[in-house]
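Colleague: Below is a structure I'd like to ask you about.
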Amino acid sequence: MKVEMLTTYFLDRAVDCYDDTVGVIAHDGTEYTYAEFKERVNRVSNALLEMGVEQGDRVALLSPNTHYFLETLYGANRIG
């Protein structure tokens with residue numbers, strides 16, 4: 001049996017299992033549950049789509065190691 005192992009699959013699975021558990025801690029100490037993080041990822045994904053990014057496009061990301069990096073990475077991956 002072949003199983004797709006996409007980053008978005010892992011996030012969706014984490015929300016299913018641990019939705020109210022802290023999954024990301026920002027550099028300023030702000031904590032985001034997996035459910036909150038997924039919502040932020042979806043907002044980034046929708047913003048990229050509104051900017052014209054389509055499935056199969058390449059998206060460059062230059063960012064320090066922050067929660068914004070993760071949100072953008074997962075948001076772009078959600079588009080495909």
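Chain labels run A, B, ... following the order of the structure tokens; each chain numbers its residues from 1, and ligands are numbered from 1 in the order shown.
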Got a sec: who's within 12 Å of A:Asn65, counting only C-alpha atoms, leaving out chain neighbours fewer than 5 positions off, as a ChimeraX atom specification?

Modeller: /A:25-27,70-73

Colleague: Let me see the file: selected residues, C-alpha atoms, as an mmCIF file, in the first residue's frame.

Modeller:
```
data_model
loop_
_atom_site.group_PDB
_atom_site.id
_atom_site.type_symbol
_atom_site.label_atom_id
_atom_site.label_comp_id
_atom_site.auth_asym_id
_atom_site.auth_seq_id
_atom_site.Cartn_x
_atom_site.Cartn_y
_atom_site.Cartn_z
ATOM 1 C CA ILE A 25 6.357 28.392 20.140
ATOM 2 C CA ALA A 26 7.327 31.675 18.483
ATOM 3 C CA HIS A 27 10.584 33.505 19.164
ATOM 4 C CA LEU A 70 6.998 27.380 9.135
ATOM 5 C CA GLU A 71 3.673 29.002 8.268
ATOM 6 C CA THR A 72 4.901 29.998 4.818
ATOM 7 C CA LEU A 73 6.555 26.641 4.153
#
```

Colleague: Please return, as a ChimeraX atom specification, all residues of chain A that DSSP assigns to alpha helix (DSSP H) on the basis of the backbone.

Modeller: /A:7-18,34-50,67-79

Colleague: Please produce an output containing C-alpha atoms for each residue in the selection, written as a CSV table (one decimal), in the first residue's frame.

Modeller:
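Contents of the output file part30.csv:
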```csv
chain,number,residue,atom,x,y,z
A,7,THR,CA,4.1,17.8,5.2
A,8,THR,CA,0.5,18.9,5.2
A,9,TYR,CA,-0.6,15.3,6.0
A,10,PHE,CA,1.5,15.5,9.2
A,11,LEU,CA,0.0,18.8,10.2
A,12,ASP,CA,-3.6,17.6,9.5
A,13,ARG,CA,-2.8,14.4,11.5
A,14,ALA,CA,-1.4,16.5,14.4
A,15,VAL,CA,-4.6,18.6,14.5
A,16,ASP,CA,-6.7,15.5,14.5
A,17,CYS,CA,-4.8,14.0,17.5
A,18,TYR,CA,-3.6,17.1,19.4
A,34,TYR,CA,-1.7,22.7,16.4
A,35,ALA,CA,-5.3,23.9,15.5
A,36,GLU,CA,-4.2,27.6,15.6
A,37,PHE,CA,-1.1,26.9,13.6
A,38,LYS,CA,-3.1,25.1,10.9
A,39,GLU,CA,-5.4,28.1,10.7
A,40,ARG,CA,-2.4,30.4,10.2
A,41,VAL,CA,-1.0,28.1,7.6
A,42,ASN,CA,-4.4,28.1,5.7
A,43,ARG,CA,-4.4,31.9,5.8
A,44,VAL,CA,-0.9,32.0,4.2
A,45,SER,CA,-1.9,29.4,1.7
A,46,ASN,CA,-5.0,31.5,0.7
A,47,ALA,CA,-2.9,34.7,0.5
A,48,LEU,CA,-0.5,32.9,-1.9
A,49,LEU,CA,-3.4,31.7,-4.0
A,50,GLU,CA,-4.8,35.3,-4.2
A,67,HIS,CA,7.2,30.6,13.1
A,68,TYR,CA,6.6,32.7,10.0
A,69,PHE,CA,9.0,30.5,8.1
A,70,LEU,CA,7.0,27.4,9.1
A,71,GLU,CA,3.7,29.0,8.3
A,72,THR,CA,4.9,30.0,4.8
A,73,LEU,CA,6.6,26.6,4.2
A,74,TYR,CA,3.4,24.7,5.1
A,75,GLY,CA,1.2,27.2,3.3
A,76,ALA,CA,3.1,26.8,0.0
A,77,ASN,CA,3.2,23.1,0.4
A,78,ARG,CA,-0.6,23.0,0.9
A,79,ILE,CA,-1.0,24.5,-2.5
```

Colleague: With distances taken over only C-alpha atoms, which residue among A:Pro64, A:Gly80, A:Gly29, A:Gly52 lies nearest A:Leu6?

Modeller: A:Gly80
